[in-house]
file coords-v4.pdb (PDB, C-alpha atoms, pLDDT in the B column)
ATOM      1  CA  MET A   1      46.712 217.769 -29.880  1.00 73.00           C
ATOM      2  CA  ILE A   2      48.509 214.560 -29.011  1.00 85.00           C
ATOM      3  CA  LEU A   3      52.127 214.979 -27.989  1.00 90.00           C
ATOM      4  CA  SER A   4      54.872 212.395 -28.334  1.00 92.00           C
ATOM      5  CA  SER A   5      56.979 211.441 -25.327  1.00 94.00           C
ATOM      6  CA  LYS A   6      59.908 213.365 -26.815  1.00 94.00           C
ATOM      7  CA  GLN A   7      57.761 216.497 -27.138  1.00 93.00           C
ATOM      8  CA  ILE A   8      56.493 216.092 -23.569  1.00 95.00           C
ATOM      9  CA  ARG A   9      60.059 215.782 -22.249  1.00 95.00           C
ATOM     10  CA  HIS A  10      61.014 218.938 -24.123  1.00 95.00           C
ATOM     11  CA  LEU A  11      58.004 220.848 -22.784  1.00 95.00           C
ATOM     12  CA  LYS A  12      58.712 219.674 -19.227  1.00 95.00           C
ATOM     13  CA  SER A  13      62.259 221.031 -19.491  1.00 94.00           C
ATOM     14  CA  ILE A  14      60.880 224.379 -20.691  1.00 94.00           C
ATOM     15  CA  ALA A  15      58.327 224.445 -17.856  1.00 95.00           C
ATOM     16  CA  MET A  16      61.019 223.848 -15.234  1.00 94.00           C
ATOM     17  CA  THR A  17      62.473 227.299 -15.945  1.00 94.00           C
ATOM     18  CA  GLN A  18      59.126 229.090 -15.711  1.00 94.00           C
ATOM     19  CA  ASP A  19      57.268 230.453 -12.717  1.00 95.00           C
ATOM     20  CA  VAL A  20      53.655 229.692 -11.832  1.00 95.00           C
ATOM     21  CA  LEU A  21      51.488 232.377 -13.458  1.00 93.00           C
ATOM     22  CA  PHE A  22      48.104 231.843 -11.814  1.00 92.00           C
ATOM     23  CA  GLN A  23      46.610 230.338  -8.673  1.00 91.00           C
ATOM     24  CA  VAL A  24      43.186 228.777  -8.198  1.00 87.00           C
ATOM     25  CA  GLY A  25      41.667 228.924  -4.721  1.00 83.00           C
ATOM     26  CA  LYS A  26      38.317 227.914  -3.290  1.00 78.00           C
ATOM     27  CA  ASN A  27      36.342 229.450  -6.140  1.00 75.00           C
ATOM     28  CA  GLU A  28      35.255 227.541  -9.220  1.00 74.00           C
ATOM     29  CA  ILE A  29      37.084 227.948 -12.515  1.00 84.00           C
ATOM     30  CA  SER A  30      35.421 231.029 -14.002  1.00 87.00           C
ATOM     31  CA  SER A  31      35.185 232.175 -17.595  1.00 90.00           C
ATOM     32  CA  GLY A  32      37.493 235.054 -16.647  1.00 91.00           C
ATOM     33  CA  PHE A  33      40.133 232.595 -15.439  1.00 91.00           C
ATOM     34  CA  ILE A  34      39.811 230.589 -18.670  1.00 94.00           C
ATOM     35  CA  LYS A  35      40.263 233.829 -20.653  1.00 96.00           C
ATOM     36  CA  MET A  36      43.440 234.661 -18.689  1.00 94.00           C
ATOM     37  CA  ILE A  37      44.828 231.151 -19.311  1.00 95.00           C
ATOM     38  CA  ASP A  38      43.901 231.416 -22.995  1.00 95.00           C
ATOM     39  CA  ASP A  39      45.691 234.769 -23.354  1.00 95.00           C
ATOM     40  CA  ALA A  40      48.757 233.490 -21.493  1.00 95.00           C
ATOM     41  CA  LEU A  41      48.941 230.417 -23.741  1.00 95.00           C
ATOM     42  CA  GLU A  42      48.839 232.637 -26.820  1.00 94.00           C
ATOM     43  CA  ALA A  43      51.658 234.788 -25.418  1.00 93.00           C
ATOM     44  CA  ARG A  44      53.884 232.022 -23.961  1.00 94.00           C
ATOM     45  CA  GLU A  45      52.722 228.634 -25.317  1.00 94.00           C
ATOM     46  CA  VAL A  46      53.799 226.860 -22.080  1.00 96.00           C
ATOM     47  CA  ILE A  47      52.269 227.976 -18.793  1.00 97.00           C
ATOM     48  CA  LYS A  48      51.958 226.707 -15.235  1.00 97.00           C
ATOM     49  CA  PHE A  49      49.228 227.371 -12.697  1.00 95.00           C
ATOM     50  CA  ARG A  50      48.700 226.177  -9.136  1.00 94.00           C
ATOM     51  CA  ILE A  51      45.682 224.760  -7.338  1.00 92.00           C
ATOM     52  CA  LEU A  52      45.883 226.014  -3.756  1.00 91.00           C
ATOM     53  CA  ASN A  53      45.628 223.589  -0.825  1.00 87.00           C
ATOM     54  CA  ASN A  54      42.349 225.158   0.359  1.00 84.00           C
ATOM     55  CA  SER A  55      40.640 224.215  -2.917  1.00 80.00           C
ATOM     56  CA  SER A  56      38.319 221.234  -2.808  1.00 81.00           C
ATOM     57  CA  ALA A  57      38.723 220.641  -6.554  1.00 82.00           C
ATOM     58  CA  ASN A  58      40.301 217.482  -7.922  1.00 89.00           C
ATOM     59  CA  ILE A  59      43.594 218.616  -9.450  1.00 92.00           C
ATOM     60  CA  ARG A  60      43.519 216.186 -12.376  1.00 94.00           C
ATOM     61  CA  GLU A  61      39.916 217.103 -13.236  1.00 92.00           C
ATOM     62  CA  VAL A  62      40.750 220.822 -13.158  1.00 92.00           C
ATOM     63  CA  GLY A  63      43.758 220.255 -15.423  1.00 94.00           C
ATOM     64  CA  LEU A  64      41.720 218.281 -17.939  1.00 95.00           C
ATOM     65  CA  ASP A  65      38.820 220.751 -17.794  1.00 94.00           C
ATOM     66  CA  VAL A  66      41.044 223.791 -18.377  1.00 95.00           C
ATOM     67  CA  SER A  67      42.961 222.044 -21.170  1.00 96.00           C
ATOM     68  CA  ILE A  68      39.691 221.206 -22.951  1.00 96.00           C
ATOM     69  CA  LYS A  69      38.276 224.713 -22.538  1.00 96.00           C
ATOM     70  CA  THR A  70      41.487 226.333 -23.818  1.00 96.00           C
ATOM     71  CA  ASN A  71      42.119 223.745 -26.550  1.00 96.00           C
ATOM     72  CA  SER A  72      45.553 223.015 -25.072  1.00 96.00           C
ATOM     73  CA  SER A  73      47.520 219.918 -24.110  1.00 96.00           C
ATOM     74  CA  LEU A  74      48.004 218.868 -20.510  1.00 96.00           C
ATOM     75  CA  VAL A  75      51.770 218.377 -20.234  1.00 97.00           C
ATOM     76  CA  GLN A  76      52.083 217.389 -16.588  1.00 96.00           C
ATOM     77  CA  ILE A  77      50.749 217.672 -13.080  1.00 96.00           C
ATOM     78  CA  VAL A  78      53.317 217.842 -10.290  1.00 96.00           C
ATOM     79  CA  GLY A  79      51.787 218.177  -6.853  1.00 93.00           C
ATOM     80  CA  HIS A  80      49.371 221.080  -7.167  1.00 94.00           C
ATOM     81  CA  VAL A  81      50.996 222.605 -10.272  1.00 96.00           C
ATOM     82  CA  ILE A  82      49.502 222.031 -13.722  1.00 97.00           C
ATOM     83  CA  THR A  83      51.446 222.646 -16.946  1.00 97.00           C
ATOM     84  CA  LEU A  84      49.677 223.322 -20.241  1.00 97.00           C
ATOM     85  CA  TYR A  85      50.927 223.753 -23.819  1.00 96.00           C
ATOM     86  CA  ARG A  86      49.285 225.185 -26.898  1.00 95.00           C
ATOM     87  CA  PRO A  87      51.130 226.396 -29.989  1.00 93.00           C
ATOM     88  CA  SER A  88      50.550 230.066 -30.714  1.00 88.00           C
ATOM     89  CA  LYS A  89      50.604 231.994 -33.958  1.00 82.00           C
ATOM     90  CA  LYS A  90      54.110 233.205 -33.051  1.00 78.00           C
ATOM     91  CA  GLU A  91      55.456 229.611 -32.858  1.00 79.00           C
ATOM     92  CA  ILE A  92      57.795 230.344 -29.960  1.00 82.00           C
ATOM     93  CA  TYR A  93      58.739 226.689 -29.462  1.00 78.00           C
ATOM     94  CA  LYS A  94      58.985 224.594 -32.588  1.00 74.00           C
ATOM     95  CA  ILE A  95      57.298 221.409 -31.328  1.00 73.00           C
TER
END
call {"tool": "encode", "arguments": {"input": "coords-v4.pdb", "output": "structure tokens"}}
result
Amino acid sequence: MILSSKQIRHLKSIAMTQDVLFQVGKNEISSGFIKMIDDALEAREVIKFRILNNSSANIREVGLDVSIKTNSSLVQIVGHVITLYRPSKKEIYKI
């Protein structure tokens, strides 16, 4: 899903009020982690997760990989925090 700049700005403002839900450490991104992200996206539509400093993973690559595997849009990466968006069946945010 390709988002317009107006949609991205709106999603960033929503993400600012949310807490980080998950953290990724030294371990690889597992199928269990992808399932948790997938479930959280269905429940919330906009989620944030953090890549810990002790991780050797490239933050941008992890963000793109998770967004592809969860069929979501990468909204932003700020420091070690990645924000994703995917519309759910509930349509919480009318984007």
call {"tool": "resolve_selection", "arguments": {"input": "coords-v4.pdb", "expression": "the PyMOL selection byres ((chain A and resi 35-40) around 9)", "output": "PyMOL selection string"}}
result
chain A and resi 21-22+30-34+41-47+49+66+69-72
call {"tool": "atom_distance", "arguments": {"input": "coords-v4.pdb", "atom1": "atom CA of Ser88 of chain A", "atom2": "atom CA of Ala57 of chain A"}}
result
28.5 Å
call {"tool": "atom_distance", "arguments": {"input": "coords-v4.pdb", "atom1": "atom CA of Gly25 of chain A", "atom2": "atom CA of Gln76 of chain A"}}
result
19.6 Å
call {"tool": "atom_distance", "arguments": {"input": "coords-v4.pdb", "atom1": "atom CA of Asn53 of chain A", "atom2": "atom CA of Arg9 of chain A"}}
result
27.0 Å
call {"tool": "closest_residue", "arguments": {"input": "coords-v4.pdb", "among": "A:Ile95, A:Ile51, A:Leu84, A:Ile77", "to": "Ser4 of chain A", "atoms": "all atoms listed in the file"}}
result
A:Ile95
call {"tool": "resolve_selection", "arguments": {"input": "coords-v4.pdb", "expression": "the PyMOL selection byres ((chain A and resi 82) around 9)", "output": "NGL selection string"}}
result
:A and (20 or 47-51 or 59-60 or 62-63 or 74-81 or 83-84)
call {"tool": "closest_residue", "arguments": {"input": "coords-v4.pdb", "among": "A:Arg86, A:Thr17, A:Ile92, A:Lys26", "to": "Ser67 of chain A", "atoms": "only C-alpha atoms"}}
result
A:Arg86
call {"tool": "axis_aligned_box", "arguments": {"input": "coords-v4.pdb", "around": "segment 6-11 of chain A", "padding_each_side": "3 Å", "output": "JSON"}}
result
{"center_x": 58.8, "center_y": 217.1, "center_z": -24.7, "size_x": 10.5, "size_y": 13.5, "size_z": 10.9}
call {"tool": "decode", "arguments": {"input": "coords-v4.pdb", "residues": "chain A", "atoms": "C-alpha atoms", "output": "PDB file, in the first residue's frame"}}
result
ATOM      1  CA  MET A   1       0.000   0.000   0.000  1.00  0.00           C
ATOM      2  CA  ILE A   2       1.431   3.346  -1.016  1.00  0.00           C
ATOM      3  CA  LEU A   3       0.639   6.205   1.332  1.00  0.00           C
ATOM      4  CA  SER A   4       0.443   9.873   0.417  1.00  0.00           C
ATOM      5  CA  SER A   5       2.454  12.432   2.367  1.00  0.00           C
ATOM      6  CA  LYS A   6      -0.756  13.647   4.013  1.00  0.00           C
ATOM      7  CA  GLN A   7      -1.578  10.105   5.157  1.00  0.00           C
ATOM      8  CA  ILE A   8       1.966   9.622   6.469  1.00  0.00           C
ATOM      9  CA  ARG A   9       1.760  12.870   8.459  1.00  0.00           C
ATOM     10  CA  HIS A  10      -1.537  11.733   9.951  1.00  0.00           C
ATOM     11  CA  LEU A  11      -0.137   8.314  10.872  1.00  0.00           C
ATOM     12  CA  LYS A  12       2.965   9.890  12.430  1.00  0.00           C
ATOM     13  CA  SER A  13       0.748  12.047  14.648  1.00  0.00           C
ATOM     14  CA  ILE A  14      -1.176   8.937  15.735  1.00  0.00           C
ATOM     15  CA  ALA A  15       2.073   7.060  16.429  1.00  0.00           C
ATOM     16  CA  MET A  16       3.385   9.868  18.636  1.00  0.00           C
ATOM     17  CA  THR A  17       0.691   9.092  21.220  1.00  0.00           C
ATOM     18  CA  GLN A  18       1.391   5.355  21.270  1.00  0.00           C
ATOM     19  CA  ASP A  19       3.911   3.349  23.246  1.00  0.00           C
ATOM     20  CA  VAL A  20       6.385   0.866  21.784  1.00  0.00           C
ATOM     21  CA  LEU A  21       4.727  -2.568  21.839  1.00  0.00           C
ATOM     22  CA  PHE A  22       7.617  -4.914  21.077  1.00  0.00           C
ATOM     23  CA  GLN A  23      11.401  -5.016  21.274  1.00  0.00           C
ATOM     24  CA  VAL A  24      13.831  -6.939  19.087  1.00  0.00           C
ATOM     25  CA  GLY A  25      17.151  -7.944  20.630  1.00  0.00           C
ATOM     26  CA  LYS A  26      20.071 -10.019  19.421  1.00  0.00           C
ATOM     27  CA  ASN A  27      17.872 -12.775  18.026  1.00  0.00           C
ATOM     28  CA  GLU A  28      16.687 -12.913  14.436  1.00  0.00           C
ATOM     29  CA  ILE A  29      13.142 -11.940  13.512  1.00  0.00           C
ATOM     30  CA  SER A  30      11.220 -15.164  14.128  1.00  0.00           C
ATOM     31  CA  SER A  31       7.916 -16.337  12.719  1.00  0.00           C
ATOM     32  CA  GLY A  32       6.474 -15.932  16.222  1.00  0.00           C
ATOM     33  CA  PHE A  33       7.509 -12.271  16.269  1.00  0.00           C
ATOM     34  CA  ILE A  34       5.945 -11.736  12.829  1.00  0.00           C
ATOM     35  CA  LYS A  35       2.722 -13.346  14.112  1.00  0.00           C
ATOM     36  CA  MET A  36       2.673 -10.990  17.128  1.00  0.00           C
ATOM     37  CA  ILE A  37       3.205  -7.959  14.857  1.00  0.00           C
ATOM     38  CA  ASP A  38       0.496  -9.224  12.499  1.00  0.00           C
ATOM     39  CA  ASP A  39      -2.003  -9.635  15.356  1.00  0.00           C
ATOM     40  CA  ALA A  40      -1.142  -6.213  16.786  1.00  0.00           C
ATOM     41  CA  LEU A  41      -1.637  -4.573  13.381  1.00  0.00           C
ATOM     42  CA  GLU A  42      -5.064  -6.182  13.080  1.00  0.00           C
ATOM     43  CA  ALA A  43      -6.015  -4.907  16.546  1.00  0.00           C
ATOM     44  CA  ARG A  44      -4.480  -1.395  16.359  1.00  0.00           C
ATOM     45  CA  GLU A  45      -3.588  -0.609  12.717  1.00  0.00           C
ATOM     46  CA  VAL A  46      -0.618   1.574  13.815  1.00  0.00           C
ATOM     47  CA  ILE A  47       2.118   0.004  15.921  1.00  0.00           C
ATOM     48  CA  LYS A  48       5.664   0.790  17.005  1.00  0.00           C
ATOM     49  CA  PHE A  49       8.476  -1.593  17.871  1.00  0.00           C
ATOM     50  CA  ARG A  50      12.076  -1.028  18.923  1.00  0.00           C
ATOM     51  CA  ILE A  51      15.343  -2.568  17.778  1.00  0.00           C
ATOM     52  CA  LEU A  52      17.573  -2.753  20.851  1.00  0.00           C
ATOM     53  CA  ASN A  53      21.114  -1.341  20.776  1.00  0.00           C
ATOM     54  CA  ASN A  54      22.649  -4.809  21.259  1.00  0.00           C
ATOM     55  CA  SER A  55      21.118  -6.013  17.980  1.00  0.00           C
ATOM     56  CA  SER A  56      23.458  -6.272  15.024  1.00  0.00           C
ATOM     57  CA  ALA A  57      20.561  -5.969  12.562  1.00  0.00           C
ATOM     58  CA  ASN A  58      20.262  -3.044  10.174  1.00  0.00           C
ATOM     59  CA  ILE A  59      17.231  -1.094  11.389  1.00  0.00           C
ATOM     60  CA  ARG A  60      16.006  -0.091   7.930  1.00  0.00           C
ATOM     61  CA  GLU A  61      16.322  -3.661   6.621  1.00  0.00           C
ATOM     62  CA  VAL A  62      14.386  -5.024   9.607  1.00  0.00           C
ATOM     63  CA  GLY A  63      11.640  -2.438   9.082  1.00  0.00           C
ATOM     64  CA  LEU A  64      11.312  -3.271   5.397  1.00  0.00           C
ATOM     65  CA  ASP A  65      11.459  -7.024   6.050  1.00  0.00           C
ATOM     66  CA  VAL A  66       8.750  -6.923   8.730  1.00  0.00           C
ATOM     67  CA  SER A  67       6.541  -4.638   6.628  1.00  0.00           C
ATOM     68  CA  ILE A  68       6.776  -7.049   3.678  1.00  0.00           C
ATOM     69  CA  LYS A  69       6.088 -10.121   5.813  1.00  0.00           C
ATOM     70  CA  THR A  70       3.069  -8.485   7.482  1.00  0.00           C
ATOM     71  CA  ASN A  71       1.793  -6.790   4.310  1.00  0.00           C
ATOM     72  CA  SER A  72       1.955  -3.404   6.047  1.00  0.00           C
ATOM     73  CA  SER A  73       3.344   0.030   5.232  1.00  0.00           C
ATOM     74  CA  LEU A  74       6.513   1.356   6.813  1.00  0.00           C
ATOM     75  CA  VAL A  75       5.473   4.769   8.142  1.00  0.00           C
ATOM     76  CA  GLN A  76       8.717   5.924   9.725  1.00  0.00           C
ATOM     77  CA  ILE A  77      11.929   5.000  11.457  1.00  0.00           C
ATOM     78  CA  VAL A  78      13.079   7.297  14.251  1.00  0.00           C
ATOM     79  CA  GLY A  79      16.287   6.174  15.899  1.00  0.00           C
ATOM     80  CA  HIS A  80      15.682   2.538  16.779  1.00  0.00           C
ATOM     81  CA  VAL A  81      11.867   2.741  16.669  1.00  0.00           C
ATOM     82  CA  ILE A  82       9.946   1.492  13.634  1.00  0.00           C
ATOM     83  CA  THR A  83       6.319   2.452  12.944  1.00  0.00           C
ATOM     84  CA  LEU A  84       4.069   0.299  10.766  1.00  0.00           C
ATOM     85  CA  TYR A  85       0.514   0.752   9.460  1.00  0.00           C
ATOM     86  CA  ARG A  86      -1.953  -1.693   7.989  1.00  0.00           C
ATOM     87  CA  PRO A  87      -5.702  -1.133   7.756  1.00  0.00           C
ATOM     88  CA  SER A  88      -7.705  -3.715   9.669  1.00  0.00           C
ATOM     89  CA  LYS A  89     -11.195  -5.048   9.129  1.00  0.00           C
ATOM     90  CA  LYS A  90     -12.391  -2.732  11.919  1.00  0.00           C
ATOM     91  CA  GLU A  91     -11.150   0.391  10.053  1.00  0.00           C
ATOM     92  CA  ILE A  92     -10.077   2.196  13.214  1.00  0.00           C
ATOM     93  CA  TYR A  93      -8.406   5.049  11.325  1.00  0.00           C
ATOM     94  CA  LYS A  94     -10.069   6.114   8.111  1.00  0.00           C
ATOM     95  CA  ILE A  95      -6.963   6.602   5.945  1.00  0.00           C
TER      96      ILE A  95
END
